[in-house]
Amino acid sequence: MTRAAVLHGPEDLRIEEIPVRPPCPGEVLVDIDAVGICGSDMHYFSSGRNGQNELRRPTVLGHEASGVVTEAGPGTDIRPGTPVVIEPAVGCGSCPVCRAGRYNLCPSGTCFGSPPTHGLLAGRVTVPARAVHRLPESIPVELGALIEPLAVAVWAVRRAEVAFGHRVLVTGAGPIGILVTQVARAAGATEVIVTDLNDERLAQARKLGATQTVNTAQQDLDLSDVDRLIECSAHPAALWQGLRTLKPGSRATVVGQAPPAVDGLPLGHLQRWEIDLVTSFRYAHAFPTALALAADGRVDLVPLLTGRFPLDAAADALRAPLVDPNHLKVVVRPDGTPG
């Protein structure tokens with residue numbers, strides 16, 4: 001048995017004892033060190049749904065986790081005692097989509113913490129060995145919980161096709177936007193302009209690689225000749241505004257979770273200037289790059305970690321970014337240690 005944060009309904013999070021399976025062939029048992037709180041977790045907690053997915057039965061939340069392998073099933077090459085980060089979205093591995101390498105789009109794939117699949121906000125979990133990645137020695141285990149959102153940023157920059165010399169606009173200075181900023185610079189962007197409504201977050205973006213920041217609540221976004229727009233705020237108005245800054249033949253990538261349908265897409269403008277509009281969903285084969293960027297210091301994860309909570313205070317962790325908008329990333333430490 002292990003203790004876990006189980007969501008029964010909106011604002012109804014209970015710390016319960018749940019069973020833990022011993023690892024089968026191809027699986028490992030992981031003692032969880034830290035679990036990052038994501039916007040999707042906050043949506044499930046506040047309303048019982050995230051996008052088009054709805055909570056229909058009690059589910060353990062959490063999908064951004066790191067820990068230490070304590071037991072390995074037959075047929076695995078990961079030894080007990082190995083620090084790892086868990087890749088939560090697992091494709092079936094056999095469908096045409098997975099076989100083409102796009103397992104993030106697997107029609108039957110699952111993701112830890114996405115109801116009804118139990119997540120990682122627990123003391124220990126059994127997961128497929130193919131879903132864990134060894135943590136380099138230079139990355140503390142606690143910070144491993146931030147590798148998953150970094151993988152989101154890596155995939156977003158790949159989808160955006162950022163290249164050397166590009167001028168990039170990032171809308172939204174939350175954790176993903178700031179990570180995208182760092183990854184875009186690592187990919188060769190010479191300018192990265194970041195927009196948001198929060199001055200504290202914009203200040204952090206400047207410290208971590210933004211060449212310019214704009215508080216769009218206080219001034220107009222007076223830009224042009226932008227090569228790449230990466231939308232991380234999930235606000236349609238930010239996307240529409242950003243599209244108008246792009247040069248002919250450029251590309252816009254939607255990363256922030258989009259509503260099911262939106263009005264106002266300037267389709268004629270996009271067609272006239274052959275501006276590509278693409279989307280980014282989770283990641284595929286992005287964890288190795290994310291780990292390498294963090295291990296050699298090209299992406300700095302330390303400033304993003306702004307709060308730690310024990311498992312008993314998991315509900316407070318889920319509310320923390322709303323109570324204090326200056327929070328970037330908070331983690332839950334199931335063993336209760338402050339980190």
# chains A, B, ... in the order shown; residues from 1 in each chain; ligands from 1
call {"tool": "residues_around", "arguments": {"residues": "Pro23 in chain A", "least_positions_apart": "2", "cutoff": "12 Å", "atoms": "only C-alpha atoms", "output": "list of chain:residue names"}}
result
A:Val20, A:Arg21, A:Pro25, A:Gly26, A:Glu27, A:Val28, A:Leu29, A:Val30, A:Val69, A:Thr70, A:Glu71, A:Ala72, A:Gly73, A:Pro74, A:Gly75, A:Thr76, A:Arg124, A:Val125, A:Thr126, A:Val127, A:Pro128, A:Ala129
call {"tool": "closest_atom_pairs", "arguments": {"of": "range 104-164 of chain A", "to": "range 258-280 of chain A", "cutoff": "12 Å", "atoms": "only C-alpha atoms", "output": "CSV"}}
result
residue,atom,partner,partner_atom,distance
A:Asn104,CA,A:Ser280,CA,9.9
A:Leu105,CA,A:Ser280,CA,10.4
A:Ala151,CA,A:Ser280,CA,11.5
A:Val152,CA,A:Ser280,CA,8.4
A:Ala153,CA,A:Ser280,CA,9.5
A:Val154,CA,A:Ser280,CA,10.4
A:Trp155,CA,A:Ser280,CA,7.2
A:Ala156,CA,A:Ser280,CA,5.7
A:Val157,CA,A:Ser280,CA,9.1
A:Arg158,CA,A:Ser280,CA,9.2
A:Arg159,CA,A:Ser280,CA,6.5
A:Ala160,CA,A:Val278,CA,7.7
A:Glu161,CA,A:Val278,CA,10.5
call {"tool": "residues_around", "arguments": {"residues": "range 234-236 of chain A", "least_positions_apart": "4", "cutoff": "7 Å", "atoms": "only C-alpha atoms", "output": "PyMOL selection string"}}
result
chain A and resi 240+256-258
call {"tool": "residues_around", "arguments": {"residues": "Ala313 in chain A", "least_positions_apart": "2", "cutoff": "10 Å", "atoms": "only C-alpha atoms", "output": "list in words"}}
result
Ala5, Leu13, Ile15, Arg308, Phe309, Pro310, Leu311, Ala315, Asp316, Ala317, Leu318, Val332, Arg333, Pro334 and Gly336 of chain A
call {"tool": "write_last_selection", "arguments": {"atoms": "all heavy atoms", "output": "mmCIF file, in the first residue's frame"}}
result
data_model
loop_
_atom_site.group_PDB
_atom_site.id
_atom_site.type_symbol
_atom_site.label_atom_id
_atom_site.label_comp_id
_atom_site.auth_asym_id
_atom_site.auth_seq_id
_atom_site.Cartn_x
_atom_site.Cartn_y
_atom_site.Cartn_z
ATOM 1 N N ALA A 5 -2.801 11.054 -3.423
ATOM 2 C CA ALA A 5 -3.790 12.132 -3.489
ATOM 3 C C ALA A 5 -4.829 11.762 -4.538
ATOM 4 O O ALA A 5 -4.547 11.777 -5.743
ATOM 5 C CB ALA A 5 -3.119 13.456 -3.830
ATOM 6 N N LEU A 13 -10.219 16.480 -2.773
ATOM 7 C CA LEU A 13 -8.985 15.702 -2.875
ATOM 8 C C LEU A 13 -8.732 15.017 -1.538
ATOM 9 O O LEU A 13 -8.675 15.678 -0.503
ATOM 10 C CB LEU A 13 -7.810 16.616 -3.242
ATOM 11 C CG LEU A 13 -6.499 15.917 -3.576
ATOM 12 C CD1 LEU A 13 -6.573 15.272 -4.960
ATOM 13 C CD2 LEU A 13 -5.332 16.902 -3.525
ATOM 14 N N ILE A 15 -6.397 12.197 0.773
ATOM 15 C CA ILE A 15 -5.174 11.417 0.918
ATOM 16 C C ILE A 15 -5.588 10.033 1.418
ATOM 17 O O ILE A 15 -6.140 9.902 2.512
ATOM 18 C CB ILE A 15 -4.194 12.083 1.888
ATOM 19 C CG1 ILE A 15 -3.936 13.536 1.454
ATOM 20 C CG2 ILE A 15 -2.893 11.290 1.928
ATOM 21 C CD1 ILE A 15 -3.410 13.694 0.045
ATOM 22 N N ARG A 308 7.259 24.161 -2.357
ATOM 23 C CA ARG A 308 7.264 22.742 -2.010
ATOM 24 C C ARG A 308 6.178 22.474 -0.971
ATOM 25 O O ARG A 308 6.025 23.245 -0.022
ATOM 26 C CB ARG A 308 8.621 22.331 -1.441
ATOM 27 C CG ARG A 308 9.787 22.512 -2.381
ATOM 28 C CD ARG A 308 11.097 22.237 -1.639
ATOM 29 N NE ARG A 308 12.260 22.297 -2.515
ATOM 30 C CZ ARG A 308 12.936 23.401 -2.786
ATOM 31 N NH1 ARG A 308 12.533 24.558 -2.248
ATOM 32 N NH2 ARG A 308 13.987 23.376 -3.572
ATOM 33 N N PHE A 309 5.475 21.354 -1.134
ATOM 34 C CA PHE A 309 4.404 20.983 -0.218
ATOM 35 C C PHE A 309 4.493 19.492 0.088
ATOM 36 O O PHE A 309 4.831 18.696 -0.790
ATOM 37 C CB PHE A 309 3.031 21.275 -0.847
ATOM 38 C CG PHE A 309 2.747 22.724 -1.087
ATOM 39 C CD1 PHE A 309 3.283 23.389 -2.196
ATOM 40 C CD2 PHE A 309 1.940 23.445 -0.218
ATOM 41 C CE1 PHE A 309 3.026 24.726 -2.426
ATOM 42 C CE2 PHE A 309 1.675 24.792 -0.444
ATOM 43 C CZ PHE A 309 2.222 25.434 -1.545
ATOM 44 N N PRO A 310 4.154 19.087 1.313
ATOM 45 C CA PRO A 310 4.055 17.650 1.593
ATOM 46 C C PRO A 310 2.776 17.088 0.977
ATOM 47 O O PRO A 310 1.866 17.837 0.586
ATOM 48 C CB PRO A 310 4.004 17.600 3.128
ATOM 49 C CG PRO A 310 3.388 18.905 3.514
ATOM 50 C CD PRO A 310 3.877 19.909 2.497
ATOM 51 N N LEU A 311 2.686 15.771 0.904
ATOM 52 C CA LEU A 311 1.512 15.139 0.291
ATOM 53 C C LEU A 311 0.230 15.526 1.012
ATOM 54 O O LEU A 311 -0.814 15.736 0.372
ATOM 55 C CB LEU A 311 1.688 13.616 0.285
ATOM 56 C CG LEU A 311 0.583 12.822 -0.426
ATOM 57 C CD1 LEU A 311 0.540 13.155 -1.909
ATOM 58 C CD2 LEU A 311 0.797 11.325 -0.235
ATOM 59 N N ALA A 315 -3.677 19.593 -1.724
ATOM 60 C CA ALA A 315 -4.729 20.526 -2.150
ATOM 61 C C ALA A 315 -4.222 21.964 -2.116
ATOM 62 O O ALA A 315 -4.540 22.773 -3.003
ATOM 63 C CB ALA A 315 -5.963 20.369 -1.261
ATOM 64 N N ASP A 316 -3.419 22.299 -1.109
ATOM 65 C CA ASP A 316 -2.834 23.645 -1.045
ATOM 66 C C ASP A 316 -1.881 23.870 -2.217
ATOM 67 O O ASP A 316 -1.810 24.985 -2.769
ATOM 68 C CB ASP A 316 -2.082 23.838 0.270
ATOM 69 C CG ASP A 316 -3.007 23.837 1.479
ATOM 70 O OD1 ASP A 316 -4.182 24.214 1.317
ATOM 71 O OD2 ASP A 316 -2.555 23.439 2.567
ATOM 72 N N ALA A 317 -1.144 22.832 -2.604
ATOM 73 C CA ALA A 317 -0.242 22.947 -3.754
ATOM 74 C C ALA A 317 -1.025 23.218 -5.027
ATOM 75 O O ALA A 317 -0.593 24.000 -5.884
ATOM 76 C CB ALA A 317 0.582 21.660 -3.897
ATOM 77 N N LEU A 318 -2.187 22.593 -5.162
ATOM 78 C CA LEU A 318 -3.012 22.784 -6.363
ATOM 79 C C LEU A 318 -3.622 24.181 -6.411
ATOM 80 O O LEU A 318 -3.929 24.691 -7.484
ATOM 81 C CB LEU A 318 -4.112 21.724 -6.407
ATOM 82 C CG LEU A 318 -3.622 20.317 -6.752
ATOM 83 C CD1 LEU A 318 -4.605 19.264 -6.259
ATOM 84 C CD2 LEU A 318 -3.405 20.187 -8.255
ATOM 85 N N VAL A 332 5.028 18.669 -5.058
ATOM 86 C CA VAL A 332 4.622 17.932 -3.869
ATOM 87 C C VAL A 332 5.678 16.890 -3.584
ATOM 88 O O VAL A 332 6.101 16.148 -4.479
ATOM 89 C CB VAL A 332 3.239 17.253 -4.088
ATOM 90 C CG1 VAL A 332 2.905 16.347 -2.910
ATOM 91 C CG2 VAL A 332 2.161 18.305 -4.288
ATOM 92 N N ARG A 333 6.156 16.873 -2.340
ATOM 93 C CA ARG A 333 7.150 15.878 -1.907
ATOM 94 C C ARG A 333 6.431 14.819 -1.074
ATOM 95 O O ARG A 333 6.085 15.071 0.086
ATOM 96 C CB ARG A 333 8.248 16.540 -1.069
ATOM 97 C CG ARG A 333 8.960 17.713 -1.709
ATOM 98 C CD ARG A 333 9.827 17.308 -2.887
ATOM 99 N NE ARG A 333 10.825 16.298 -2.582
ATOM 100 C CZ ARG A 333 12.035 16.559 -2.081
ATOM 101 N NH1 ARG A 333 12.410 17.801 -1.836
ATOM 102 N NH2 ARG A 333 12.903 15.574 -1.849
ATOM 103 N N PRO A 334 6.127 13.650 -1.633
ATOM 104 C CA PRO A 334 5.337 12.651 -0.897
ATOM 105 C C PRO A 334 5.940 12.226 0.435
ATOM 106 O O PRO A 334 5.204 11.827 1.347
ATOM 107 C CB PRO A 334 5.277 11.475 -1.873
ATOM 108 C CG PRO A 334 5.353 12.107 -3.209
ATOM 109 C CD PRO A 334 6.326 13.243 -3.034
ATOM 110 N N GLY A 336 7.321 14.197 2.476
ATOM 111 C CA GLY A 336 7.133 15.301 3.406
ATOM 112 C C GLY A 336 8.338 16.167 3.649
ATOM 113 O O GLY A 336 8.259 17.154 4.352
#
call {"tool": "select_by_dssp", "arguments": {"residues": "range 15-153 of chain A", "states": "strand (DSSP E or B)", "output": "PyMOL selection string"}}
result
chain A and resi 15-18+27-36+49-50+53-54+59-60+64-72+83-86+89-90+110-111+122+124-128+132-134
call {"tool": "write_last_selection", "arguments": {"atoms": "C-alpha atoms", "output": "mmCIF file, in the first residue's frame"}}
result
data_model
loop_
_atom_site.group_PDB
_atom_site.id
_atom_site.type_symbol
_atom_site.label_atom_id
_atom_site.label_comp_id
_atom_site.auth_asym_id
_atom_site.auth_seq_id
_atom_site.Cartn_x
_atom_site.Cartn_y
_atom_site.Cartn_z
ATOM 1 C CA ILE A 15 -5.174 11.417 0.918
ATOM 2 C CA GLU A 16 -5.830 7.684 0.869
ATOM 3 C CA GLU A 17 -4.056 4.360 1.111
ATOM 4 C CA ILE A 18 -4.114 2.594 -2.255
ATOM 5 C CA GLU A 27 8.059 -2.722 -15.206
ATOM 6 C CA VAL A 28 9.781 -0.935 -12.320
ATOM 7 C CA LEU A 29 8.666 0.250 -8.901
ATOM 8 C CA VAL A 30 9.575 3.885 -8.215
ATOM 9 C CA ASP A 31 9.646 5.676 -4.871
ATOM 10 C CA ILE A 32 8.410 9.150 -5.797
ATOM 11 C CA ASP A 33 10.606 12.069 -4.713
ATOM 12 C CA ALA A 34 8.723 15.032 -6.232
ATOM 13 C CA VAL A 35 5.641 15.675 -8.354
ATOM 14 C CA GLY A 36 5.159 18.952 -10.213
ATOM 15 C CA ARG A 49 -12.435 18.401 -16.068
ATOM 16 C CA ASN A 50 -9.560 19.472 -18.276
ATOM 17 C CA ASN A 53 -11.630 15.056 -20.579
ATOM 18 C CA GLU A 54 -13.825 14.691 -17.495
ATOM 19 C CA THR A 59 -8.407 9.251 -9.809
ATOM 20 C CA VAL A 60 -4.906 9.906 -8.492
ATOM 21 C CA GLU A 64 5.281 15.310 -13.633
ATOM 22 C CA ALA A 65 7.359 13.090 -11.375
ATOM 23 C CA SER A 66 10.843 11.982 -10.443
ATOM 24 C CA GLY A 67 12.047 9.382 -8.004
ATOM 25 C CA VAL A 68 14.272 6.382 -7.383
ATOM 26 C CA VAL A 69 13.766 2.842 -8.668
ATOM 27 C CA THR A 70 13.435 0.444 -5.740
ATOM 28 C CA GLU A 71 12.490 -2.765 -7.538
ATOM 29 C CA ALA A 72 12.743 -3.943 -11.148
ATOM 30 C CA PRO A 83 17.275 8.052 -9.983
ATOM 31 C CA VAL A 84 14.746 8.475 -12.774
ATOM 32 C CA VAL A 85 12.177 10.788 -14.272
ATOM 33 C CA ILE A 86 8.900 9.302 -15.468
ATOM 34 C CA ALA A 89 2.246 9.653 -21.742
ATOM 35 C CA VAL A 90 2.605 6.083 -22.971
ATOM 36 C CA THR A 110 -2.767 6.781 -21.789
ATOM 37 C CA CYS A 111 -1.236 9.460 -19.607
ATOM 38 C CA ALA A 122 1.701 8.986 -4.480
ATOM 39 C CA ARG A 124 5.366 4.875 -4.849
ATOM 40 C CA VAL A 125 4.135 3.735 -8.242
ATOM 41 C CA THR A 126 4.684 0.848 -10.646
ATOM 42 C CA VAL A 127 5.345 2.031 -14.191
ATOM 43 C CA PRO A 128 6.567 0.573 -17.493
ATOM 44 C CA VAL A 132 11.451 6.015 -17.194
ATOM 45 C CA HIS A 133 14.627 7.901 -18.071
ATOM 46 C CA ARG A 134 17.765 7.879 -15.967
#
call {"tool": "atom_distance", "arguments": {"atom1": "CA of Cys24 in chain A", "atom2": "CA of Met1 in chain A"}}
result
16.5 Å
call {"tool": "closest_residue", "arguments": {"among": "A:Ala290, A:Ala203, A:Leu197, A:Ala173", "to": "Gln218 in chain A", "atoms": "only C-alpha atoms"}}
result
A:Leu197
call {"tool": "closest_atom_pairs", "arguments": {"of": "range 115-199 of chain A", "to": "range 38-42 of chain A", "cutoff": "12 Å", "atoms": "only C-alpha atoms", "output": "CSV"}}
result
residue,atom,partner,partner_atom,distance
A:Pro115,CA,A:Asp41,CA,10.4
A:Gly119,CA,A:Asp41,CA,10.1
A:Leu120,CA,A:Asp41,CA,11.3
A:Leu121,CA,A:Asp41,CA,10.4
A:Ala145,CA,A:Cys38,CA,10.8
A:Leu146,CA,A:Cys38,CA,10.1
A:Glu148,CA,A:Cys38,CA,10.0
A:Pro149,CA,A:Cys38,CA,8.5
A:Val152,CA,A:Cys38,CA,11.7
A:Gly174,CA,A:Gly39,CA,10.1
A:Pro175,CA,A:Cys38,CA,9.3
A:Ile176,CA,A:Cys38,CA,9.9
call {"tool": "residues_around", "arguments": {"residues": "Leu246 in chain A", "least_positions_apart": "5", "cutoff": "9 Å", "atoms": "only C-alpha atoms", "output": "number ranges by chain"}}
result
A: 169, 223-229, 251-252, 275
call {"tool": "closest_residue", "arguments": {"among": "A:Glu200, A:Gly177, A:Ala131, A:Gly48", "to": "Pro325 in chain A", "atoms": "only C-alpha atoms"}}
result
A:Glu200
call {"tool": "closest_residue", "arguments": {"among": "A:Gly91, A:Gly297, A:Pro288, A:Gly249", "to": "Gln182 in chain A", "atoms": "only C-alpha atoms"}}
result
A:Gly297
call {"tool": "closest_residue", "arguments": {"among": "A:Leu61, A:Leu208, A:Val183, A:Ile230", "to": "Val168 in chain A", "atoms": "only C-alpha atoms"}}
result
A:Ile230
call {"tool": "atom_distance", "arguments": {"atom1": "CA of Asp12 in chain A", "atom2": "CA of Ser46 in chain A"}}
result
8.9 Å
call {"tool": "residues_around", "arguments": {"residues": "Cys106 in chain A", "least_positions_apart": "6", "cutoff": "9 Å", "atoms": "only C-alpha atoms", "output": "list in words"}}
result
Val90, Gly91, Cys92, Gly93, Cys95, Pro96, Val97 and Cys98 of chain A
call {"tool": "write_last_selection", "arguments": {"atoms": "all heavy atoms", "output": "CSV table (one decimal), in the first residue's frame"}}
result
chain,number,residue,atom,x,y,z
A,90,VAL,N,2.1,7.3,-22.4
A,90,VAL,CA,2.6,6.1,-23.0
A,90,VAL,C,1.7,5.6,-24.1
A,90,VAL,O,0.5,5.4,-23.9
A,90,VAL,CB,2.7,5.0,-21.9
A,90,VAL,CG1,3.2,3.7,-22.4
A,90,VAL,CG2,3.5,5.5,-20.7
A,91,GLY,N,2.2,5.5,-25.3
A,91,GLY,CA,1.5,4.9,-26.4
A,91,GLY,C,1.4,3.4,-26.4
A,91,GLY,O,2.2,2.8,-25.6
A,92,CYS,N,0.6,2.8,-27.2
A,92,CYS,CA,0.4,1.4,-27.2
A,92,CYS,C,1.7,0.7,-27.8
A,92,CYS,O,2.0,-0.4,-27.4
A,92,CYS,CB,-0.8,1.0,-28.0
A,92,CYS,SG,-0.6,1.2,-29.8
A,93,GLY,N,2.4,1.4,-28.6
A,93,GLY,CA,3.7,0.9,-29.2
A,93,GLY,C,3.5,0.1,-30.4
A,93,GLY,O,4.5,-0.3,-31.1
A,95,CYS,N,0.5,0.4,-32.8
A,95,CYS,CA,-0.4,1.0,-33.8
A,95,CYS,C,0.4,1.7,-34.9
A,95,CYS,O,1.6,2.1,-34.6
A,95,CYS,CB,-1.4,1.9,-33.2
A,95,CYS,SG,-0.8,3.5,-32.6
A,96,PRO,N,-0.1,2.0,-36.1
A,96,PRO,CA,0.6,2.7,-37.1
A,96,PRO,C,1.2,4.1,-36.6
A,96,PRO,O,2.3,4.5,-37.0
A,96,PRO,CB,-0.4,2.9,-38.2
A,96,PRO,CG,-1.3,1.8,-38.0
A,96,PRO,CD,-1.4,1.6,-36.6
A,97,VAL,N,0.4,4.8,-35.8
A,97,VAL,CA,0.9,6.1,-35.3
A,97,VAL,C,2.2,5.9,-34.4
A,97,VAL,O,3.2,6.6,-34.6
A,97,VAL,CB,-0.2,6.8,-34.5
A,97,VAL,CG1,0.3,8.1,-33.9
A,97,VAL,CG2,-1.4,7.1,-35.4
A,98,CYS,N,2.1,5.0,-33.5
A,98,CYS,CA,3.3,4.7,-32.6
A,98,CYS,C,4.5,4.2,-33.5
A,98,CYS,O,5.6,4.6,-33.2
A,98,CYS,CB,2.9,3.7,-31.6
A,98,CYS,SG,1.9,4.3,-30.2
call {"tool": "select_by_dssp", "arguments": {"residues": "range 56-202 of chain A", "states": "alpha helix (DSSP H)", "output": "PyMOL selection string"}}
result
chain A and resi 96-99+147-160+175-186+199-202
call {"tool": "atom_distance", "arguments": {"atom1": "CA of Glu191 in chain A", "atom2": "CA of Gln212 in chain A"}}
result
7.8 Å
call {"tool": "closest_residue", "arguments": {"among": "A:Thr216, A:Ala163, A:Arg3, A:His8", "to": "Asp196 in chain A", "atoms": "only C-alpha atoms"}}
result
A:Thr216
call {"tool": "decode", "arguments": {"residues": "range 237-259 of chain A", "atoms": "N, CA and C atoms", "output": "PDB file, in the first residue's frame"}}
result
ATOM      1  N   ALA A 237      -6.942  35.587 -27.712  1.00  0.00           N
ATOM      2  CA  ALA A 237      -6.575  36.964 -28.051  1.00  0.00           C
ATOM      3  C   ALA A 237      -5.074  37.110 -28.218  1.00  0.00           C
ATOM      4  N   ALA A 238      -4.296  36.385 -27.399  1.00  0.00           N
ATOM      5  CA  ALA A 238      -2.837  36.442 -27.522  1.00  0.00           C
ATOM      6  C   ALA A 238      -2.390  35.843 -28.847  1.00  0.00           C
ATOM      7  N   LEU A 239      -3.066  34.780 -29.271  1.00  0.00           N
ATOM      8  CA  LEU A 239      -2.723  34.172 -30.562  1.00  0.00           C
ATOM      9  C   LEU A 239      -3.050  35.117 -31.707  1.00  0.00           C
ATOM     10  N   TRP A 240      -4.247  35.686 -31.693  1.00  0.00           N
ATOM     11  CA  TRP A 240      -4.618  36.610 -32.778  1.00  0.00           C
ATOM     12  C   TRP A 240      -3.639  37.787 -32.845  1.00  0.00           C
ATOM     13  N   GLN A 241      -3.300  38.333 -31.677  1.00  0.00           N
ATOM     14  CA  GLN A 241      -2.378  39.470 -31.625  1.00  0.00           C
ATOM     15  C   GLN A 241      -1.002  39.059 -32.143  1.00  0.00           C
ATOM     16  N   GLY A 242      -0.534  37.893 -31.733  1.00  0.00           N
ATOM     17  CA  GLY A 242       0.781  37.432 -32.160  1.00  0.00           C
ATOM     18  C   GLY A 242       0.859  37.147 -33.643  1.00  0.00           C
ATOM     19  N   LEU A 243      -0.237  36.645 -34.224  1.00  0.00           N
ATOM     20  CA  LEU A 243      -0.222  36.331 -35.652  1.00  0.00           C
ATOM     21  C   LEU A 243       0.073  37.568 -36.499  1.00  0.00           C
ATOM     22  N   ARG A 244      -0.364  38.721 -36.028  1.00  0.00           N
ATOM     23  CA  ARG A 244      -0.180  39.947 -36.806  1.00  0.00           C
ATOM     24  C   ARG A 244       1.271  40.430 -36.798  1.00  0.00           C
ATOM     25  N   THR A 245       2.111  39.850 -35.941  1.00  0.00           N
ATOM     26  CA  THR A 245       3.521  40.263 -35.893  1.00  0.00           C
ATOM     27  C   THR A 245       4.395  39.459 -36.850  1.00  0.00           C
ATOM     28  N   LEU A 246       3.844  38.387 -37.422  1.00  0.00           N
ATOM     29  CA  LEU A 246       4.656  37.461 -38.205  1.00  0.00           C
ATOM     30  C   LEU A 246       4.941  37.976 -39.612  1.00  0.00           C
ATOM     31  N   LYS A 247       6.123  37.667 -40.089  1.00  0.00           N
ATOM     32  CA  LYS A 247       6.499  38.017 -41.451  1.00  0.00           C
ATOM     33  C   LYS A 247       5.918  37.003 -42.433  1.00  0.00           C
ATOM     34  N   PRO A 248       5.881  37.307 -43.713  1.00  0.00           N
ATOM     35  CA  PRO A 248       5.424  36.328 -44.704  1.00  0.00           C
ATOM     36  C   PRO A 248       6.271  35.058 -44.654  1.00  0.00           C
ATOM     37  N   GLY A 249       5.598  33.907 -44.826  1.00  0.00           N
ATOM     38  CA  GLY A 249       6.295  32.634 -44.866  1.00  0.00           C
ATOM     39  C   GLY A 249       6.766  32.139 -43.515  1.00  0.00           C
ATOM     40  N   SER A 250       6.160  32.629 -42.430  1.00  0.00           N
ATOM     41  CA  SER A 250       6.601  32.275 -41.080  1.00  0.00           C
ATOM     42  C   SER A 250       5.704  31.179 -40.510  1.00  0.00           C
ATOM     43  N   ARG A 251       5.814  30.956 -39.202  1.00  0.00           N
ATOM     44  CA  ARG A 251       5.079  29.849 -38.575  1.00  0.00           C
ATOM     45  C   ARG A 251       4.626  30.223 -37.180  1.00  0.00           C
ATOM     46  N   ALA A 252       3.380  29.828 -36.849  1.00  0.00           N
ATOM     47  CA  ALA A 252       2.821  29.993 -35.502  1.00  0.00           C
ATOM     48  C   ALA A 252       2.504  28.615 -34.931  1.00  0.00           C
ATOM     49  N   THR A 253       2.866  28.395 -33.673  1.00  0.00           N
ATOM     50  CA  THR A 253       2.658  27.104 -33.027  1.00  0.00           C
ATOM     51  C   THR A 253       1.850  27.290 -31.754  1.00  0.00           C
ATOM     52  N   VAL A 254       0.741  26.579 -31.645  1.00  0.00           N
ATOM     53  CA  VAL A 254      -0.133  26.669 -30.474  1.00  0.00           C
ATOM     54  C   VAL A 254       0.271  25.593 -29.480  1.00  0.00           C
ATOM     55  N   VAL A 255       0.708  26.024 -28.290  1.00  0.00           N
ATOM     56  CA  VAL A 255       1.136  25.109 -27.235  1.00  0.00           C
ATOM     57  C   VAL A 255       0.143  25.123 -26.079  1.00  0.00           C
ATOM     58  N   GLY A 256      -0.274  26.315 -25.639  1.00  0.00           N
ATOM     59  CA  GLY A 256      -1.271  26.418 -24.578  1.00  0.00           C
ATOM     60  C   GLY A 256      -2.553  25.727 -24.988  1.00  0.00           C
ATOM     61  N   GLN A 257      -3.206  25.059 -24.038  1.00  0.00           N
ATOM     62  CA  GLN A 257      -4.377  24.256 -24.374  1.00  0.00           C
ATOM     63  C   GLN A 257      -5.476  25.108 -24.982  1.00  0.00           C
ATOM     64  N   ALA A 258      -5.859  24.771 -26.191  1.00  0.00           N
ATOM     65  CA  ALA A 258      -6.868  25.536 -26.914  1.00  0.00           C
ATOM     66  C   ALA A 258      -8.269  25.076 -26.529  1.00  0.00           C
ATOM     67  N   PRO A 259      -9.233  25.988 -26.533  1.00  0.00           N
ATOM     68  CA  PRO A 259     -10.627  25.573 -26.339  1.00  0.00           C
ATOM     69  C   PRO A 259     -11.091  24.752 -27.531  1.00  0.00           C
TER      70      PRO A 259
END
